[in-house]
$ cat query06.cif   # mmCIF, C-alpha atoms
data_my_file
loop_
_atom_site.label_atom_id
_atom_site.label_comp_id
_atom_site.auth_asym_id
_atom_site.auth_seq_id
_atom_site.Cartn_x
_atom_site.Cartn_y
_atom_site.Cartn_z
CA MET A 140 0.00 0.00 0.00
CA ASP A 141 2.97 2.36 0.62
CA GLU A 142 3.00 3.46 -2.99
CA GLU A 143 2.51 6.61 -5.00
CA TYR A 144 -0.68 6.97 -7.09
CA ASP A 145 -1.91 9.67 -9.46
CA VAL A 146 -5.41 9.49 -8.00
CA ILE A 147 -6.88 7.90 -4.88
CA VAL A 148 -10.65 7.40 -4.83
CA LEU A 149 -12.56 6.91 -1.54
CA GLY A 150 -16.01 5.31 -1.67
CA THR A 151 -17.38 3.05 -4.42
CA GLY A 152 -20.57 4.94 -5.24
CA LEU A 153 -21.50 5.27 -8.91
CA THR A 154 -19.90 8.74 -9.30
CA GLU A 155 -16.62 7.53 -7.79
CA CYS A 156 -16.53 4.29 -9.84
CA ILE A 157 -17.18 6.07 -13.15
CA LEU A 158 -14.45 8.62 -12.40
CA SER A 159 -11.96 5.93 -11.41
CA GLY A 160 -12.82 4.04 -14.63
CA ILE A 161 -12.24 7.15 -16.78
CA MET A 162 -8.99 8.01 -14.98
CA SER A 163 -7.69 4.44 -15.41
CA VAL A 164 -8.60 4.33 -19.12
CA ASN A 165 -6.71 7.62 -19.46
CA GLY A 166 -3.56 5.99 -18.11
CA LYS A 167 -3.64 7.27 -14.54
CA LYS A 168 -2.50 5.04 -11.69
CA VAL A 169 -5.57 4.70 -9.46
CA LEU A 170 -6.11 3.30 -5.95
CA HIS A 171 -9.77 2.86 -5.02
CA MET A 172 -10.73 2.23 -1.39
CA ASP A 173 -14.01 1.83 0.51
CA ARG A 174 -14.56 1.45 4.25
CA ASN A 175 -17.53 -0.86 3.54
CA PRO A 176 -17.18 -4.55 2.70
CA TYR A 177 -19.43 -4.09 -0.39
CA TYR A 178 -19.46 -1.97 -3.56
CA GLY A 179 -21.79 0.93 -4.19
CA GLY A 180 -21.79 3.05 -1.02
CA GLU A 181 -25.05 5.03 -1.02
CA SER A 182 -25.94 3.68 -4.48
CA SER A 183 -25.69 -0.03 -3.70
CA SER A 184 -28.36 -2.74 -3.97
CA ILE A 185 -28.87 -4.68 -0.72
CA THR A 186 -29.01 -8.49 -0.77
CA PRO A 187 -30.20 -10.78 0.79
CA LEU A 188 -33.49 -9.33 2.10
CA GLU A 189 -32.44 -10.14 5.70
CA GLU A 190 -29.64 -7.59 5.27
CA LEU A 191 -32.17 -4.87 4.37
CA TYR A 192 -34.19 -5.62 7.53
CA LYS A 193 -30.96 -5.36 9.55
CA ARG A 194 -29.90 -2.13 7.84
CA PHE A 195 -33.19 -0.47 8.79
CA SER A 196 -33.05 -1.95 12.31
CA LEU A 197 -36.32 -3.86 11.97
CA PRO A 198 -36.75 -6.23 14.93
CA ASP A 199 -38.16 -9.16 12.88
CA SER A 200 -36.72 -11.10 10.02
CA PRO A 201 -38.60 -11.25 6.68
CA PRO A 202 -41.75 -13.45 6.77
CA GLU A 203 -41.89 -16.70 4.75
CA SER A 204 -44.26 -15.01 2.27
CA MET A 205 -41.34 -12.86 1.02
CA GLY A 206 -39.72 -15.93 -0.57
CA ARG A 207 -35.97 -16.58 -0.59
CA GLY A 208 -33.87 -13.75 0.83
CA ARG A 209 -31.20 -14.10 -1.82
CA ASP A 210 -33.72 -13.46 -4.64
CA TRP A 211 -33.82 -9.82 -3.53
CA ASN A 212 -31.54 -6.95 -4.62
CA VAL A 213 -33.04 -3.77 -3.21
CA ASP A 214 -31.73 -0.38 -4.36
CA LEU A 215 -31.19 2.23 -1.66
CA ILE A 216 -31.49 5.04 -4.23
CA PRO A 217 -34.25 4.76 -6.82
CA LYS A 218 -33.25 5.93 -10.29
CA PHE A 219 -33.75 4.91 -13.90
CA LEU A 220 -31.47 5.52 -16.90
CA MET A 221 -32.68 7.79 -19.72
CA ALA A 222 -32.33 5.60 -22.84
CA ASN A 223 -30.67 8.43 -24.75
CA GLY A 224 -29.05 10.06 -21.72
CA GLN A 225 -25.48 10.61 -20.61
CA LEU A 226 -25.08 7.51 -18.43
CA VAL A 227 -26.09 5.20 -21.29
CA LYS A 228 -23.56 7.03 -23.47
CA MET A 229 -20.88 6.47 -20.80
CA LEU A 230 -21.79 2.76 -20.63
CA LEU A 231 -21.61 2.41 -24.42
CA TYR A 232 -18.36 4.31 -24.86
CA THR A 233 -16.58 2.33 -22.13
CA GLU A 234 -18.22 -0.94 -23.26
CA VAL A 235 -19.29 -1.56 -19.65
CA THR A 236 -22.60 -2.58 -21.30
CA ARG A 237 -21.10 -6.04 -21.81
CA TYR A 238 -21.24 -6.66 -18.04
CA LEU A 239 -24.91 -5.70 -17.71
CA ASP A 240 -28.37 -6.48 -19.08
CA PHE A 241 -31.09 -3.87 -19.27
CA LYS A 242 -34.87 -3.89 -19.56
CA VAL A 243 -37.09 -1.04 -20.72
CA VAL A 244 -39.33 0.35 -17.97
CA GLU A 245 -42.90 -0.32 -19.05
CA GLY A 246 -44.52 3.04 -18.57
CA SER A 247 -44.44 6.51 -17.11
CA PHE A 248 -47.51 7.86 -15.34
CA VAL A 249 -48.50 11.27 -14.01
CA TYR A 250 -50.83 12.10 -11.11
CA LYS A 251 -53.72 14.50 -11.65
CA GLY A 252 -56.67 15.14 -9.34
CA GLY A 253 -56.06 12.02 -7.26
CA LYS A 254 -55.81 9.64 -10.27
CA ILE A 255 -52.89 8.46 -12.36
CA TYR A 256 -52.72 8.73 -16.14
CA LYS A 257 -50.21 7.28 -18.59
CA VAL A 258 -47.79 9.88 -19.95
CA PRO A 259 -48.59 9.68 -23.67
CA SER A 260 -45.65 8.11 -25.46
CA THR A 261 -46.86 8.43 -29.06
CA GLU A 262 -48.93 10.90 -31.03
CA THR A 263 -51.83 8.41 -31.09
CA GLU A 264 -51.66 8.05 -27.30
CA ALA A 265 -51.49 11.82 -26.90
CA LEU A 266 -54.65 12.28 -28.98
CA ALA A 267 -56.47 9.55 -27.03
CA SER A 268 -55.24 10.67 -23.59
CA ASN A 269 -57.72 11.89 -20.95
CA LEU A 270 -55.08 14.29 -19.65
CA MET A 271 -56.33 17.13 -21.84
CA GLY A 272 -59.26 18.27 -23.95
CA MET A 273 -59.52 18.19 -27.74
CA PHE A 274 -58.37 21.76 -28.52
CA GLU A 275 -55.64 21.53 -25.89
CA LYS A 276 -54.35 18.42 -27.69
CA ARG A 277 -53.97 20.28 -30.97
CA ARG A 278 -52.06 23.10 -29.32
CA PHE A 279 -49.90 20.60 -27.42
CA ARG A 280 -49.14 18.77 -30.69
CA LYS A 281 -48.03 22.06 -32.29
CA PHE A 282 -45.79 22.69 -29.30
CA LEU A 283 -44.21 19.21 -29.58
CA VAL A 284 -43.56 19.68 -33.31
CA PHE A 285 -41.89 23.02 -32.51
CA VAL A 286 -39.67 21.34 -29.89
CA ALA A 287 -38.78 18.44 -32.18
CA ASN A 288 -37.71 20.79 -35.00
CA PHE A 289 -35.93 23.26 -32.70
CA ASP A 290 -32.22 23.58 -33.37
CA GLU A 291 -30.31 26.13 -31.32
CA ASN A 292 -27.86 26.63 -34.21
CA ASP A 293 -30.56 27.34 -36.80
CA PRO A 294 -32.56 30.56 -36.19
CA LYS A 295 -35.06 29.47 -38.88
CA THR A 296 -36.45 26.97 -36.32
CA PHE A 297 -36.95 29.58 -33.56
CA GLU A 298 -40.44 30.79 -34.61
CA GLY A 299 -39.88 34.07 -32.79
CA VAL A 300 -38.45 32.41 -29.66
CA ASP A 301 -34.98 33.46 -28.52
CA PRO A 302 -33.48 30.45 -26.69
CA LYS A 303 -31.20 32.70 -24.63
CA THR A 304 -33.78 35.26 -23.47
CA THR A 305 -37.37 34.00 -23.94
CA THR A 306 -38.58 32.35 -20.72
CA MET A 307 -40.36 29.01 -20.75
CA ARG A 308 -43.44 30.73 -19.30
CA ASP A 309 -43.59 32.86 -22.48
CA VAL A 310 -43.12 29.84 -24.73
CA TYR A 311 -46.13 28.16 -23.06
CA LYS A 312 -48.10 31.41 -23.56
CA LYS A 313 -47.13 31.50 -27.24
CA PHE A 314 -48.73 28.05 -27.71
CA ASP A 315 -51.62 28.93 -25.39
CA LEU A 316 -51.08 25.87 -23.17
CA GLY A 317 -53.22 25.55 -20.01
CA GLN A 318 -51.97 24.92 -16.46
CA ASP A 319 -52.53 21.14 -16.51
CA VAL A 320 -50.52 20.74 -19.72
CA ILE A 321 -47.79 23.03 -18.37
CA ASP A 322 -47.57 20.90 -15.20
CA PHE A 323 -47.41 17.74 -17.24
CA THR A 324 -44.80 19.09 -19.71
CA GLY A 325 -42.49 20.63 -17.11
CA HIS A 326 -42.63 17.73 -14.65
CA ALA A 327 -43.36 14.54 -16.63
CA LEU A 328 -41.41 15.39 -19.83
CA ALA A 329 -38.74 17.94 -18.85
CA LEU A 330 -38.56 16.22 -15.42
CA TYR A 331 -38.17 19.37 -13.32
CA ARG A 332 -38.88 18.91 -9.62
CA THR A 333 -40.01 22.51 -9.00
CA ASP A 334 -41.44 25.39 -11.05
CA ASP A 335 -38.31 27.57 -10.88
CA TYR A 336 -37.58 26.73 -14.53
CA LEU A 337 -40.55 28.80 -15.78
CA ASP A 338 -38.77 32.13 -15.46
CA VAL A 339 -35.37 31.26 -16.92
CA PRO A 340 -34.47 31.15 -20.63
CA CYS A 341 -36.16 28.20 -22.36
CA LEU A 342 -33.20 26.47 -24.03
CA GLU A 343 -32.52 23.95 -21.25
CA THR A 344 -36.20 23.00 -20.99
CA ILE A 345 -36.47 22.48 -24.76
CA ASN A 346 -33.35 20.27 -24.64
CA ARG A 347 -34.80 18.27 -21.73
CA ILE A 348 -38.04 17.62 -23.63
CA LYS A 349 -35.95 16.58 -26.67
CA LEU A 350 -33.94 14.16 -24.46
CA TYR A 351 -37.22 12.66 -23.22
CA SER A 352 -38.65 12.24 -26.75
CA GLU A 353 -35.39 10.86 -28.17
CA SER A 354 -35.07 8.41 -25.26
CA LEU A 355 -38.66 7.35 -25.80
CA ALA A 356 -38.11 6.90 -29.53
CA ARG A 357 -35.43 4.29 -28.86
CA TYR A 358 -37.67 1.64 -27.27
CA GLY A 359 -41.22 2.95 -27.36
CA LYS A 360 -42.71 1.99 -23.97
CA SER A 361 -40.98 4.63 -21.86
CA PRO A 362 -37.74 6.61 -22.02
CA TYR A 363 -36.22 4.64 -19.12
CA LEU A 364 -33.98 1.59 -18.78
CA TYR A 365 -33.18 -0.42 -15.66
CA PRO A 366 -30.41 -3.02 -15.15
CA LEU A 367 -31.24 -6.61 -14.20
CA TYR A 368 -30.13 -7.40 -10.60
CA GLY A 369 -30.44 -3.74 -9.57
CA LEU A 370 -28.55 -0.47 -9.79
CA GLY A 371 -25.70 -1.84 -7.65
CA GLU A 372 -24.50 -3.52 -10.87
CA LEU A 373 -23.56 -0.13 -12.34
CA PRO A 374 -20.73 0.88 -9.96
CA GLN A 375 -19.43 -2.71 -10.13
CA GLY A 376 -19.32 -2.58 -13.94
CA PHE A 377 -17.20 0.59 -13.91
CA ALA A 378 -15.01 -0.85 -11.14
CA ARG A 379 -14.26 -3.80 -13.45
CA LEU A 380 -13.30 -1.33 -16.17
CA SER A 381 -10.89 0.44 -13.81
CA ALA A 382 -9.38 -2.89 -12.68
CA ILE A 383 -8.82 -4.00 -16.30
CA TYR A 384 -6.79 -0.80 -16.78
CA GLY A 385 -4.63 -1.40 -13.72
CA GLY A 386 -6.74 0.23 -11.00
CA THR A 387 -6.20 -1.26 -7.51
CA TYR A 388 -9.30 -1.99 -5.38
CA MET A 389 -9.49 -2.39 -1.61
CA LEU A 390 -12.80 -2.91 0.18
CA ASN A 391 -13.21 -2.98 3.96
CA LYS A 392 -10.38 -0.42 4.34
CA PRO A 393 -10.88 2.08 7.15
CA VAL A 394 -9.67 5.58 6.26
CA GLU A 395 -7.90 7.11 9.26
CA GLU A 396 -6.72 10.38 7.82
CA ILE A 397 -6.48 12.39 4.64
CA VAL A 398 -2.90 13.65 4.78
CA MET A 399 -2.46 17.31 3.79
CA GLU A 400 0.68 19.38 3.39
CA GLY A 401 0.57 23.14 2.80
CA GLY A 402 -3.18 22.97 2.16
CA LYS A 403 -2.80 20.28 -0.49
CA VAL A 404 -3.59 16.57 -0.35
CA ILE A 405 -0.53 14.28 -0.43
CA GLY A 406 -1.98 10.94 0.66
CA VAL A 407 -4.42 8.80 2.60
CA LYS A 408 -3.65 6.94 5.82
CA SER A 409 -5.25 3.54 6.39
CA GLU A 410 -4.31 0.93 9.00
CA GLY A 411 -1.13 2.81 9.84
CA GLU A 412 0.16 3.04 6.25
CA VAL A 413 0.09 6.04 3.94
CA ALA A 414 -0.63 5.76 0.23
CA ARG A 415 0.55 8.93 -1.50
CA CYS A 416 -1.39 10.70 -4.25
CA LYS A 417 -1.56 13.88 -6.33
CA GLN A 418 -5.36 14.07 -6.40
CA LEU A 419 -8.20 12.66 -4.30
CA ILE A 420 -11.83 11.95 -5.24
CA CYS A 421 -14.32 10.98 -2.54
CA ASP A 422 -17.95 10.99 -1.49
CA PRO A 423 -19.05 13.50 1.19
CA SER A 424 -18.93 10.93 4.03
CA TYR A 425 -15.11 10.84 3.91
CA ILE A 426 -14.63 14.61 4.31
CA PRO A 427 -17.37 16.04 6.54
CA ASP A 428 -15.36 19.24 7.06
CA ARG A 429 -15.29 20.04 3.32
CA VAL A 430 -19.00 19.69 2.54
CA ARG A 431 -22.17 21.55 3.54
CA LYS A 432 -25.71 20.28 4.01
CA ALA A 433 -27.95 21.29 1.11
CA GLY A 434 -31.28 19.77 2.18
CA GLN A 435 -32.78 16.34 2.79
CA VAL A 436 -34.43 13.60 0.77
CA ILE A 437 -36.93 11.07 2.09
CA ARG A 438 -37.00 7.66 0.40
CA VAL A 439 -39.48 4.94 1.35
CA ILE A 440 -38.90 1.43 0.01
CA CYS A 441 -42.23 -0.43 -0.17
CA ILE A 442 -42.58 -4.16 -0.81
CA LEU A 443 -45.85 -5.07 -2.55
CA SER A 444 -47.46 -8.33 -3.68
CA HIS A 445 -49.34 -6.66 -6.54
CA PRO A 446 -48.70 -4.26 -9.41
CA ILE A 447 -49.73 -0.63 -8.78
CA LYS A 448 -53.43 0.02 -9.55
CA ASN A 449 -54.25 1.74 -12.88
CA THR A 450 -50.84 1.03 -14.42
CA ASN A 451 -52.13 -1.77 -16.73
CA ASP A 452 -50.45 -4.27 -14.39
CA SER A 453 -46.99 -3.01 -15.42
CA ASN A 454 -44.09 -4.87 -13.83
CA SER A 455 -42.10 -1.62 -13.86
CA CYS A 456 -43.13 2.01 -14.05
CA GLN A 457 -42.58 5.53 -12.85
CA ILE A 458 -45.22 7.78 -11.35
CA ILE A 459 -44.70 11.53 -11.08
CA ILE A 460 -46.84 13.56 -8.71
CA PRO A 461 -46.37 17.20 -9.81
CA GLN A 462 -45.98 19.59 -6.87
CA ASN A 463 -49.02 21.71 -7.86
CA GLN A 464 -51.27 18.69 -7.49
CA VAL A 465 -50.39 18.26 -3.80
CA ASN A 466 -49.58 21.86 -2.77
CA ARG A 467 -45.82 21.38 -2.52
CA ASN A 468 -42.73 23.04 -3.95
CA SER A 469 -41.18 19.84 -5.31
CA ASP A 470 -42.53 16.73 -7.01
CA ILE A 471 -42.96 13.30 -5.43
CA TYR A 472 -41.68 10.34 -7.44
CA VAL A 473 -42.45 6.63 -7.41
CA CYS A 474 -40.08 4.17 -9.11
CA MET A 475 -41.42 0.62 -9.31
CA ILE A 476 -39.58 -2.53 -10.44
CA SER A 477 -40.24 -6.19 -9.69
CA TYR A 478 -39.31 -9.86 -9.92
CA ALA A 479 -39.10 -9.34 -13.72
CA HIS A 480 -35.77 -7.51 -13.10
CA ASN A 481 -34.31 -10.18 -10.78
CA VAL A 482 -34.54 -7.82 -7.80
CA ALA A 483 -37.41 -9.47 -5.90
CA ALA A 484 -38.90 -12.90 -5.22
CA GLN A 485 -41.45 -14.27 -7.71
CA GLY A 486 -44.67 -12.21 -7.77
CA LYS A 487 -43.21 -9.40 -5.64
CA TYR A 488 -42.82 -5.70 -6.50
CA ILE A 489 -40.59 -2.97 -5.05
CA ALA A 490 -41.91 0.59 -5.19
CA ILE A 491 -39.67 3.38 -3.91
CA VAL A 492 -41.20 6.76 -3.12
CA SER A 493 -38.89 9.76 -2.91
CA THR A 494 -39.02 13.53 -2.61
CA THR A 495 -37.14 16.55 -1.31
CA VAL A 496 -38.06 17.15 2.35
CA GLU A 497 -39.95 20.43 2.87
CA THR A 498 -41.41 20.18 6.39
CA SER A 499 -40.57 18.74 9.79
CA GLU A 500 -42.87 15.77 9.06
CA PRO A 501 -41.45 14.18 5.90
CA GLU A 502 -43.54 11.01 6.22
CA THR A 503 -46.76 13.01 6.02
CA GLU A 504 -45.45 14.72 2.86
CA ILE A 505 -45.37 11.48 0.86
CA GLU A 506 -48.79 10.16 1.91
CA PRO A 507 -50.41 10.86 -1.51
CA ALA A 508 -47.84 8.50 -3.08
CA LEU A 509 -48.22 5.78 -0.44
CA GLU A 510 -52.00 5.80 -0.96
CA LEU A 511 -51.44 4.79 -4.60
CA LEU A 512 -49.45 1.73 -3.46
CA GLU A 513 -51.85 0.19 -0.94
CA PRO A 514 -51.75 -2.49 0.36
CA ILE A 515 -48.06 -2.36 1.33
CA ASP A 516 -46.46 -5.51 2.84
CA GLN A 517 -43.45 -3.75 4.38
CA LYS A 518 -42.02 -0.21 4.43
CA PHE A 519 -38.41 0.92 4.98
CA VAL A 520 -38.07 4.65 5.60
CA ALA A 521 -34.80 6.55 5.08
CA ILE A 522 -34.30 10.28 5.50
CA SER A 523 -30.92 11.32 4.12
CA ASP A 524 -29.03 14.59 4.30
CA LEU A 525 -27.84 15.93 0.94
CA TYR A 526 -24.29 17.28 0.88
CA GLU A 527 -22.35 19.34 -1.63
CA PRO A 528 -18.66 20.36 -1.58
CA THR A 529 -17.82 23.76 -0.09
CA ASP A 530 -15.02 24.46 -2.59
CA ASP A 531 -14.02 23.40 -6.09
CA GLY A 532 -10.91 21.49 -4.98
CA THR A 533 -8.39 23.42 -7.13
CA GLU A 534 -6.22 24.39 -4.15
CA SER A 535 -6.47 21.24 -2.04
CA GLN A 536 -6.84 18.81 -5.01
CA VAL A 537 -9.57 17.11 -2.95
CA PHE A 538 -12.65 16.64 -5.14
CA ALA A 539 -15.88 15.69 -3.39
CA SER A 540 -18.93 14.39 -5.20
CA SER A 541 -22.42 15.63 -4.34
CA SER A 542 -25.03 13.38 -2.70
CA TYR A 543 -27.56 11.62 -4.97
CA ASP A 544 -30.58 13.92 -5.31
CA ALA A 545 -34.30 13.18 -5.52
CA THR A 546 -34.45 13.10 -9.34
CA THR A 547 -35.57 9.83 -10.94
CA HIS A 548 -32.68 9.51 -13.37
CA PHE A 549 -28.89 9.86 -13.51
CA GLU A 550 -28.54 13.07 -15.57
CA THR A 551 -27.58 15.22 -12.53
CA THR A 552 -25.08 12.55 -11.39
CA CYS A 553 -23.47 12.63 -14.85
CA ASN A 554 -23.27 16.44 -14.71
CA ASP A 555 -21.44 16.11 -11.39
CA ILE A 556 -19.00 13.59 -12.95
CA LYS A 557 -18.31 15.93 -15.90
CA ASP A 558 -17.85 18.86 -13.52
CA ILE A 559 -15.35 16.99 -11.29
CA TYR A 560 -13.48 15.77 -14.40
CA LYS A 561 -13.13 19.36 -15.64
CA ARG A 562 -11.90 20.61 -12.27
CA MET A 563 -9.36 17.76 -12.02
CA THR A 564 -7.96 17.94 -15.54
CA GLY A 565 -8.61 21.56 -16.52
CA THR A 566 -10.23 20.37 -19.78
CA ASP A 567 -13.87 19.90 -20.74
CA PHE A 568 -15.23 16.38 -20.39
CA ASP A 569 -15.37 14.58 -23.72
CA PHE A 570 -17.06 11.19 -24.14
CA GLU A 571 -14.25 10.23 -26.55
CA ASN A 572 -11.88 10.18 -23.54
CA MET A 573 -13.80 7.22 -22.19
CA LYS A 574 -13.27 4.97 -25.18
CA ARG A 575 -11.24 1.84 -24.64
CA LYS A 576 -8.14 1.81 -26.79
CA GLN A 577 -8.77 -0.15 -29.98
CA ASN A 578 -6.40 -3.04 -29.38
CA ASP A 579 -7.17 -3.72 -25.74
CA VAL A 580 -10.59 -5.22 -26.12
CA PHE A 581 -9.86 -7.45 -23.14
CA GLY A 582 -7.87 -4.79 -21.35
CA GLU A 583 -4.61 -6.35 -22.48
CA ASP A 584 -2.39 -4.36 -24.83
CA GLU A 585 -0.76 -6.52 -27.46
CA GLN A 586 2.70 -7.29 -26.19
#
$ encode --input "query06.cif" --output "structure tokens"
Amino acid sequence: MDEEYDVIVLGTGLTECILSGIMSVNGKKVLHMDRNPYYGGESSSITPLEELYKRFSLPDSPPESMGRGRDWNVDLIPKFLMANGQLVKMLLYTEVTRYLDFKVVEGSFVYKGGKIYKVPSTETEALASNLMGMFEKRRFRKFLVFVANFDENDPKTFEGVDPKTTTMRDVYKKFDLGQDVIDFTGHALALYRTDDYLDVPCLETINRIKLYSESLARYGKSPYLYPLYGLGELPQGFARLSAIYGGTYMLNKPVEEIVMEGGKVIGVKSEGEVARCKQLICDPSYIPDRVRKAGQVIRVICILSHPIKNTNDSNSCQIIIPQNQVNRNSDIYVCMISYAHNVAAQGKYIAIVSTTVETSEPETEIEPALELLEPIDQKFVAISDLYEPTDDGTESQVFASSSYDATTHFETTCNDIKDIYKRMTGTDFDFENMKRKQNDVFGEDEQ
């Protein structure tokens, strides 16, 4: 262990594993350590089921009706992958896809007036949907055609909208869209958690709706993918990539001290030995003095013996409850997967409810979502603090990731990865940097 590394990474969460994979592919000497005996940190999948009961300090063990404990892989953080999003691109470029199998999530639903409706995924569905009236549908269709044709580099597609100054509120006005359609577009298509986006220039929102449509176009049922055996497979896939390129992995390694000299990191001390490094990447739990609390998220894992009502018996889906519908500032999300993804025993479903905490009674805040899931066999409630780094790491060369937020997909996590990469290397992140070198298909250069 008493060696010199270019980069030491602490924690094996998804952000850390992707960064260590990229750094290794780029020829850096990487040491990756985790104080836990398992991969994934906050973003791991817990197996067997008994372990989940222990983790949440439940007095009993799982009842017989839950089937075999080892058939369960329960995610601690519920997220899906956008089919055309950045994480899928990272998986394809690094060829980590060969270690994983994905299934398309069967549908996305949105909550309105106490009921759930399918988010229309085709023009035919949009025209048949009960979410809006006849005239509203025509206007919405015009809006979607405008978004699909919009190209920020071609002013001919702007139709009088300036992507850098026109607000999204004004774009909705231009197409005369009503409040329900605005809620649905901003929250179920552009996937914003709050309404802050309405008064900023519209370019990002238009790009988000494009990402949703392009992701949807790839597989048709929904824009989301989910890996068999749970999200814990993702960090492990990138860890394999790093190991193929010479990265060293050590689990179950307590970190005693981050060694600094003149305000700059020079190494990490573990079990009395110091491994030296030029740069350090870690999750917030390893450097509490360099991060600040930026809010809280509540996540409730619910085990069900039935699909969710009114979802056409889908074995996987997402439900979005827009904040306006339940008098909140931020949306409530439900991610549901099941035995079809090898994460639960036969005939069982896992629904995870999550939202940003806004009051001193977070469990009351998510009641509208829990009502949709009844009856629930077992609930596991986690309230987590969200942390973000207090500085950009240029002086200390200590780069902390941010906690996983309440969004239902990995786009914000990928933005964090790109941001850390830029701060570490001084150059913009480029997906090309992730490509395996042509001749080392198996990670072995030809001798």
$ closest_residue --input "query06.cif" --among "A:Ala267, A:Ile489, A:Ile348, A:Cys156" --to "His326 in chain A" --atoms "only C-alpha atoms"
A:Ile348
$ residues_around --input "query06.cif" --residues "range 215-230 of chain A" --least-positions-apart "2" --cutoff "6 Å" --atoms "only C-alpha atoms" --output "number ranges by chain"
A: 182, 232-236, 354, 362-365, 547-548
$ residues_near_point --input "query06.cif" --point "(-50.5, 6.9, -10.8)" --cutoff "9 Å" --atoms "all atoms listed in the file" --output "list of chain:residue names"
A:Ser247, A:Phe248, A:Val249, A:Tyr250, A:Lys251, A:Gly253, A:Lys254, A:Ile255, A:Tyr256, A:Lys257, A:Ile447, A:Lys448, A:Asn449, A:Thr450, A:Gln457, A:Ile458, A:Ile459, A:Ile460, A:Val473, A:Ala508, A:Leu511
$ closest_residue --input "query06.cif" --among "A:Gln435, A:Gln462, A:Asn165, A:Ser455" --to "Ser542 in chain A" --atoms "all atoms listed in the file"
A:Gln435
$ closest_residue --input "query06.cif" --among "A:His445, A:Arg379, A:Arg357, A:Lys295" --to "Ser163 in chain A" --atoms "all atoms listed in the file"
A:Arg379
$ residues_near_point --input "query06.cif" --point "(-47.7, 19.9, -12.5)" --cutoff "8 Å" --atoms "all atoms listed in the file" --output "ChimeraX atom specification"
/A:318-326,460-464
$ atom_distance --input "query06.cif" --atom1 "CA of Phe314 in chain A" --atom2 "CA of Glu298 in chain A"
11.1 Å
$ residues_around --input "query06.cif" --residues "Ile161 in chain A" --least-positions-apart "5" --cutoff "8 Å" --atoms "only C-alpha atoms" --output "CSV table (one decimal) with C-alpha atoms, in the frame of the given file"
chain,number,residue,atom,x,y,z
A,381,SER,CA,-10.9,0.4,-13.8
A,572,ASN,CA,-11.9,10.2,-23.5
A,573,MET,CA,-13.8,7.2,-22.2
$ closest_residue --input "query06.cif" --among "A:Gly532, A:Pro507, A:Gly299, A:Pro446" --to "Val465 in chain A" --atoms "all atoms listed in the file"
A:Pro507
$ closest_residue --input "query06.cif" --among "A:Thr495, A:Asn269, A:Asn481, A:Ser352" --to "Arg332 in chain A" --atoms "only C-alpha atoms"
A:Thr495
$ residues_around --input "query06.cif" --residues "Tyr311 in chain A" --least-positions-apart "5" --cutoff "9 Å" --atoms "all atoms listed in the file" --output "PyMOL selection string"
chain A and resi 282+306+316-317+321
$ closest_residue --input "query06.cif" --among "A:Leu350, A:Val164, A:Leu419, A:Met563" --to "Val148 in chain A" --atoms "all atoms listed in the file"
A:Leu419
$ atom_distance --input "query06.cif" --atom1 "CA of Gly386 in chain A" --atom2 "CA of Met162 in chain A"
9.0 Å
$ atom_distance --input "query06.cif" --atom1 "CA of Asp524 in chain A" --atom2 "CA of Thr564 in chain A"
29.1 Å
